[in-house]
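Here is data-v9.tsv, consisting of TSV, C-alpha atoms and all ligand atoms:
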chain	number	residue	atom	x	y	z
U	123	MET	CA	-71.46	87.30	120.27
U	124	HIS	CA	-72.51	83.76	121.09
U	125	ALA	CA	-74.12	84.30	124.49
U	126	LEU	CA	-74.33	81.34	126.84
U	127	MET	CA	-75.96	83.04	129.80
U	128	ASP	CA	-78.42	85.60	131.09
U	129	LEU	CA	-77.87	86.50	134.74
U	130	HIS	CA	-80.44	89.20	135.29
U	131	THR	CA	-83.98	87.83	135.09
U	132	HIS	CA	-87.08	88.06	137.23
U	133	THR	CA	-89.89	85.67	138.06
U	134	LEU	CA	-93.35	85.91	139.58
U	135	ALA	CA	-91.62	86.20	142.95
U	136	SER	CA	-90.75	89.81	142.09
U	137	VAL	CA	-94.52	90.37	141.80
U	138	HIS	CA	-94.20	92.92	138.96
U	139	ALA	CA	-92.87	90.12	136.73
U	140	TYR	CA	-95.01	87.57	134.98
U	141	SER	CA	-93.31	84.22	134.42
U	142	THR	CA	-92.17	81.25	136.41
U	143	LEU	CA	-88.59	80.06	136.74
U	144	THR	CA	-89.46	77.02	134.64
U	145	GLU	CA	-90.88	79.18	131.86
U	146	ASN	CA	-87.73	81.32	131.96
U	147	ALA	CA	-85.54	78.21	131.79
U	148	ARG	CA	-87.45	76.92	128.76
U	149	GLU	CA	-86.99	80.23	126.99
U	150	ALA	CA	-83.29	80.24	127.90
U	151	LYS	CA	-82.93	76.76	126.40
U	152	LYS	CA	-84.79	77.81	123.26
U	153	ASN	CA	-82.42	80.75	122.84
U	154	GLY	CA	-79.33	78.56	123.17
U	155	LEU	CA	-78.35	79.63	126.67
U	156	GLU	CA	-76.57	77.20	128.97
U	157	ILE	CA	-76.84	79.21	132.19
U	158	LEU	CA	-79.80	81.12	133.59
U	159	GLY	CA	-79.44	83.32	136.61
U	160	VAL	CA	-82.60	84.11	138.51
U	161	SER	CA	-82.19	87.46	140.23
U	162	ASP	CA	-85.42	88.52	141.81
U	163	HIS	CA	-85.60	91.82	143.64
U	164	GLY	CA	-84.46	91.91	147.23
U	165	TYR	CA	-87.22	92.78	149.70
U	166	GLY	CA	-85.92	96.33	150.09
U	167	MET	CA	-88.03	97.13	147.07
U	168	PRO	CA	-91.62	97.33	148.30
U	169	HIS	CA	-94.13	94.71	147.17
U	170	THR	CA	-91.58	92.27	145.79
U	171	THR	CA	-90.09	89.18	147.42
U	172	LEU	CA	-90.65	88.26	151.05
U	173	SER	CA	-87.81	87.15	153.30
U	174	ALA	CA	-89.21	83.58	153.24
U	175	TYR	CA	-88.39	83.43	149.53
U	176	TRP	CA	-84.70	83.82	150.32
U	177	GLY	CA	-84.75	81.16	153.01
U	178	ASN	CA	-85.96	78.46	150.66
U	179	LEU	CA	-83.66	78.84	147.65
U	180	SER	CA	-82.23	75.36	148.15
U	181	VAL	CA	-85.35	73.88	146.51
U	182	ILE	CA	-84.19	75.32	143.18
U	183	PRO	CA	-82.36	72.51	141.38
U	184	PRO	CA	-78.95	73.09	139.77
U	185	TYR	CA	-80.43	72.20	136.37
U	186	LEU	CA	-83.89	72.95	135.05
U	187	GLU	CA	-85.00	72.16	131.49
U	188	GLY	CA	-81.37	71.31	130.76
U	189	VAL	CA	-80.13	74.74	131.78
U	190	ARG	CA	-77.76	75.43	134.67
U	191	ILE	CA	-79.64	77.60	137.15
U	192	LEU	CA	-77.78	80.07	139.33
U	193	ARG	CA	-79.54	81.55	142.32
U	194	GLY	CA	-78.89	85.25	142.39
U	195	ILE	CA	-80.41	88.38	143.82
U	196	GLU	CA	-80.81	91.96	142.70
U	197	MET	CA	-79.96	93.81	145.90
U	198	ASN	CA	-80.80	97.43	146.51
U	199	ILE	CA	-78.13	100.04	147.11
U	200	CYS	CA	-80.28	102.12	149.40
U	201	ASP	CA	-78.44	105.23	150.60
U	202	MET	CA	-75.57	107.64	149.95
U	203	GLN	CA	-73.22	105.42	151.98
U	204	GLY	CA	-73.69	102.61	149.48
U	205	SER	CA	-75.51	100.37	151.97
U	206	LEU	CA	-77.13	97.22	150.63
U	207	PHE	CA	-80.61	96.92	152.07
U	208	GLU	CA	-80.47	93.13	152.01
U	209	GLU	CA	-76.96	92.74	153.44
U	210	LYS	CA	-78.24	89.94	155.69
U	211	LEU	CA	-78.59	87.81	152.58
U	212	ILE	CA	-74.93	88.10	151.58
U	213	GLY	CA	-73.56	84.59	151.17
U	214	LYS	CA	-77.02	83.05	150.70
U	215	THR	CA	-77.03	83.35	146.91
U	216	ASP	CA	-74.64	82.36	144.11
U	217	TYR	CA	-74.11	85.96	143.08
U	218	ILE	CA	-75.17	89.52	143.75
U	219	ILE	CA	-76.30	92.23	141.38
U	220	ALA	CA	-76.24	95.60	143.12
U	221	SER	CA	-78.66	98.15	141.69
U	222	LEU	CA	-79.95	101.58	142.55
U	223	HIS	CA	-83.73	101.97	142.37
U	224	GLY	CA	-85.16	105.42	143.00
U	225	ASN	CA	-88.26	104.13	144.75
U	226	ILE	CA	-86.33	102.73	147.68
U	227	PHE	CA	-83.25	104.98	147.77
U	228	ASP	CA	-82.83	107.37	150.68
U	229	PHE	CA	-81.62	110.57	149.05
U	230	GLY	CA	-81.10	112.32	152.39
U	231	GLU	CA	-81.66	116.01	153.01
U	232	THR	CA	-80.42	117.32	149.72
U	233	ARG	CA	-80.87	115.62	146.41
U	234	ALA	CA	-77.41	114.49	145.25
U	235	THR	CA	-76.36	115.15	141.69
U	236	ASP	CA	-73.49	112.67	141.54
U	237	PHE	CA	-73.95	109.02	142.46
U	238	THR	CA	-70.43	107.82	141.66
U	239	SER	CA	-69.43	107.55	145.31
U	240	VAL	CA	-72.59	105.60	146.14
U	241	TYR	CA	-71.54	102.78	143.82
U	242	VAL	CA	-67.87	102.98	144.77
U	243	LYS	CA	-68.66	102.83	148.49
U	244	ALA	CA	-70.93	99.84	147.93
U	245	MET	CA	-68.12	97.96	146.17
U	246	GLU	CA	-65.64	98.89	148.89
U	247	ARG	CA	-67.99	97.78	151.66
U	248	TYR	CA	-69.21	94.59	150.01
U	249	PRO	CA	-66.60	92.59	148.10
U	250	GLU	CA	-69.37	90.03	147.45
U	251	ILE	CA	-70.95	92.27	144.79
U	252	ASN	CA	-70.44	90.73	141.34
U	253	ILE	CA	-72.38	92.94	138.94
U	254	LEU	CA	-73.55	96.55	138.91
U	255	GLY	CA	-77.12	96.48	137.63
U	256	HIS	CA	-78.15	99.05	135.01
U	257	PRO	CA	-75.56	101.74	135.91
U	258	ASP	CA	-76.88	103.63	132.91
U	259	ASP	CA	-79.65	105.86	134.19
U	260	ALA	CA	-79.04	109.59	133.80
U	261	ARG	CA	-81.40	110.28	136.68
U	262	TYR	CA	-78.49	109.09	138.86
U	263	PRO	CA	-75.43	110.61	137.16
U	264	ILE	CA	-72.09	108.85	137.37
U	265	ASP	CA	-68.49	109.71	136.54
U	266	TYR	CA	-67.89	106.59	134.46
U	267	GLU	CA	-64.10	106.86	134.41
U	268	VAL	CA	-64.04	106.63	138.22
U	269	LEU	CA	-66.67	103.90	138.32
U	270	VAL	CA	-65.07	101.68	135.70
U	271	LYS	CA	-61.70	101.87	137.46
U	272	ALA	CA	-63.37	100.90	140.75
U	273	CYS	CA	-65.01	97.93	139.05
U	274	LYS	CA	-61.58	96.84	137.90
U	275	GLU	CA	-60.21	97.10	141.42
U	276	HIS	CA	-63.07	95.11	142.95
U	277	ASN	CA	-63.61	92.51	140.20
U	278	VAL	CA	-67.13	93.71	139.45
U	279	ALA	CA	-68.71	93.55	136.00
U	280	MET	CA	-70.49	96.49	134.44
U	281	GLU	CA	-73.87	95.47	133.11
U	282	VAL	CA	-75.19	96.16	129.63
U	283	ASN	CA	-78.87	96.03	130.47
U	284	CYS	CA	-81.13	95.26	127.51
U	285	SER	CA	-84.28	96.52	129.20
U	286	SER	CA	-82.56	99.90	129.48
U	287	LEU	CA	-81.98	99.89	125.72
U	288	ASP	CA	-85.55	98.99	124.84
U	289	VAL	CA	-87.78	101.80	123.56
U	290	SER	CA	-90.22	101.02	126.34
U	291	GLY	CA	-87.42	101.40	128.90
U	292	PHE	CA	-87.89	104.04	131.56
U	293	ARG	CA	-84.24	104.72	132.39
U	294	LEU	CA	-83.01	108.08	131.18
U	295	ASN	CA	-80.41	108.32	128.38
U	296	ALA	CA	-79.36	104.74	129.00
U	297	GLU	CA	-77.98	104.10	125.54
U	298	GLU	CA	-75.97	107.33	125.61
U	299	ASN	CA	-74.53	106.31	128.96
U	300	GLN	CA	-73.70	102.81	127.79
U	301	ARG	CA	-71.93	104.43	124.85
U	302	LEU	CA	-69.90	106.38	127.40
U	303	TYR	CA	-68.88	103.51	129.66
U	304	LEU	CA	-68.32	100.74	127.13
U	305	PRO	CA	-65.21	102.38	125.61
U	306	LEU	CA	-63.93	102.92	129.15
U	307	CYS	CA	-64.46	99.24	129.94
U	308	GLU	CA	-62.41	98.46	126.86
U	309	LYS	CA	-59.71	100.97	127.83
U	310	TYR	CA	-59.34	99.64	131.38
U	311	GLU	CA	-60.09	96.01	130.45
U	312	VAL	CA	-63.12	95.73	132.69
U	313	PRO	CA	-65.45	92.81	131.85
U	314	ILE	CA	-69.03	93.51	130.96
U	315	ILE	CA	-72.06	91.27	131.17
U	316	VAL	CA	-75.05	91.57	128.89
U	317	ASN	CA	-78.30	90.88	130.70
U	318	SER	CA	-81.94	91.02	129.66
U	319	ASP	CA	-83.42	92.11	133.00
U	320	ALA	CA	-86.46	90.23	131.69
U	321	HIS	CA	-89.66	90.53	133.69
U	322	MET	CA	-91.41	88.10	131.32
U	323	SER	CA	-90.06	84.86	129.88
U	324	THR	CA	-90.24	86.21	126.32
U	325	GLY	CA	-87.35	88.56	127.12
U	326	VAL	CA	-84.95	85.97	128.49
U	327	GLY	CA	-81.78	85.82	126.40
U	328	ASP	CA	-82.97	88.51	124.00
U	329	PHE	CA	-79.75	90.46	123.59
U	330	SER	CA	-80.33	91.87	120.10
U	331	LEU	CA	-80.19	95.54	121.09
U	332	ALA	CA	-76.98	95.10	123.06
U	333	GLU	CA	-75.41	93.07	120.26
U	334	THR	CA	-76.09	95.84	117.77
U	335	LEU	CA	-74.47	98.35	120.09
U	336	LEU	CA	-71.45	96.16	120.90
U	337	ASP	CA	-70.91	95.41	117.20
U	338	GLU	CA	-71.06	99.07	116.34
U	339	LEU	CA	-68.52	99.89	119.04
U	340	ASP	CA	-66.39	96.91	117.97
U	341	PHE	CA	-66.28	95.90	121.61
U	342	PRO	CA	-63.74	93.11	122.27
U	343	GLU	CA	-65.36	89.72	122.81
U	344	GLU	CA	-62.80	88.67	125.41
U	345	LEU	CA	-64.28	91.24	127.79
U	346	ILE	CA	-67.85	89.94	127.37
U	347	ILE	CA	-68.51	87.48	130.17
U	348	ASN	CA	-71.54	85.89	128.49
U	349	THR	CA	-69.43	83.96	126.00
U	350	SER	CA	-67.75	81.51	128.38
U	351	TRP	CA	-68.26	79.62	131.62
U	352	ASP	CA	-64.63	80.33	132.53
U	353	LYS	CA	-65.12	84.07	132.46
U	354	LEU	CA	-68.20	83.77	134.66
U	355	GLU	CA	-66.33	81.53	137.09
U	356	SER	CA	-63.54	84.07	137.45
U	357	LEU	CA	-66.12	86.78	138.09
U	358	LEU	CA	-68.01	84.75	140.70
U	359	GLY	CA	-65.01	83.02	142.23
U	360	PHE	CA	-66.31	79.44	142.23
U	361	ALA	CA	-66.64	76.50	139.86
U	362	ILE	CA	-70.09	76.47	138.30
L	401	ZN	ZN	-83.18	96.85	138.67
L	402	ZN	ZN	-83.93	93.71	137.49
Now, as a test, write the supplied structure out as structure tokens.
Amino acid sequence: MHALMDLHTHTLASVHAYSTLTENAREAKKNGLEILGVSDHGYGMPHTTLSAYWGNLSVIPPYLEGVRILRGIEMNICDMQGSLFEEKLIGKTDYIIASLHGNIFDFGETRATDFTSVYVKAMERYPEINILGHPDDARYPIDYEVLVKACKEHNVAMEVNCSSLDVSGFRLNAEENQRLYLPLCEKYEVPIIVNSDAHMSTGVGDFSLAETLLDELDFPEELIINTSWDKLESLLGFAI
């Protein structure tokens, strides 16, 4: 895979990340990327960005260090109804990654054992969602057949999150789950996007673990968004 983009990266603004946007852009350039998406955590996650951060995105230039910069957000799916905590910010960014993080999710009275409907409801309620972030964590079990079909219906990409694959990753059985949903993405022709989820510039564009997995599964390149601007444009719905 010749990857041209990394759309899930964090900067100092997320507070538990350690690099600047410029440092991330330099690393992206070094790794041959043409597009860098900055997707800091929405303020639903405690101790991350402040709302002022999202009101000043226009200062980010379209190109930095020779790399096209897209202004994204990692929003929080925050309850069993699939609500996005930061729904007020819809339309303020170039794209939306919707993720479930246990530390901000309202599990309600009884702890659910199936989170499929949470993701499906989010996609039904918010057609602006472009990517499902790390839907690979066995702590929040998913029926992948149902989820992948819903992604197809709503033009949402399933993420192959490289931080999930890393040995230091904290998500449960992520590789096993990616091995479950990737063949379903192939079967139903649902695009995937490989993202680093880097919280430090050194991780930007480092897709080696995902590449090994995709090679092993012989995953079709035409369904990997990272390899062309056109595929990203059809996912996001505008000319980059
Ligand atoms: Zn996340
Ligand atoms: Zn992230």
Distance criterion (only C-alpha atoms): nearest to Val326 (chain U) out of U:Asn283, U:Asn198, U:Ser136, U:Asn178: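 Looking only at the distances to Val326 (chain U), the closest residue turns out to be U:Asn283.
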Option closest in space to ligand ZN 402 (chain L), from U:Leu304, U:Met197, U:Leu358, U:Leu172 [counting only C-alpha atoms and all ligand atoms]: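 Looking at the shortest contact to ligand ZN 402 (chain L), the residue is U:Met197.
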If you take only C-alpha atoms and all ligand atoms and a cut-off of 7 Å, which residues of chain U touch ligand ZN 401 (chain L), and what are their nearest atom pairs and distances in Å to one decimal, in chain and number order, as JSON lines?
{"residue": "U:Glu196", "atom": "CA", "partner": "L:ZN401", "partner_atom": "ZN", "distance": 6.8}
{"residue": "U:Ser221", "atom": "CA", "partner": "L:ZN401", "partner_atom": "ZN", "distance": 5.6}
{"residue": "U:Leu222", "atom": "CA", "partner": "L:ZN401", "partner_atom": "ZN", "distance": 6.9}
{"residue": "U:His223", "atom": "CA", "partner": "L:ZN401", "partner_atom": "ZN", "distance": 6.3}
{"residue": "U:Gly255", "atom": "CA", "partner": "L:ZN401", "partner_atom": "ZN", "distance": 6.2}
{"residue": "U:His256", "atom": "CA", "partner": "L:ZN401", "partner_atom": "ZN", "distance": 6.6}
Of the listed residues U:Ala320, U:Leu134, U:Met123, U:Ala296, that which approaches Leu345 (chain U) most closely, counting all atoms listed in the file: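 Looking at the shortest contact to Leu345 (chain U), the residue is U:Met123.
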Atomic separation - CA of Met127 (chain U) relative to CA of Leu155 (chain U), Å: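 Rounded to one decimal, the two atoms are 5.2 Å apart.
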Once you count all atoms listed in the file, what closest atom pair and distance in Å to one decimal does each residue of chain U within 7 Å of ligand ZN 402 (chain L) have, with rows by chain and rising residue number, as a tab-separated table?
residue	atom	partner	partner_atom	distance
U:His130	CA	L:ZN402	ZN	6.1
U:Thr131	CA	L:ZN402	ZN	6.4
U:His132	CA	L:ZN402	ZN	6.5
U:Asp162	CA	L:ZN402	ZN	6.9
U:His163	CA	L:ZN402	ZN	6.6
U:Glu196	CA	L:ZN402	ZN	6.3
U:Asp319	CA	L:ZN402	ZN	4.8
Spatial neighbours of Ser323 (chain U), 10 Å, all atoms listed in the file, chain gap at least 5 places, as an MDAnalysis selection string: chainID U and resid 131:133 139:150 328
Nearest to Lys271 (chain U), chosen from U:Lys151, U:His124, U:Arg190, U:Lys309, with only C-alpha atoms counted in the distances: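 Going through U:Lys151, U:His124, U:Arg190, U:Lys309 one by one, the smallest distance to Lys271 (chain U) is for U:Lys309.
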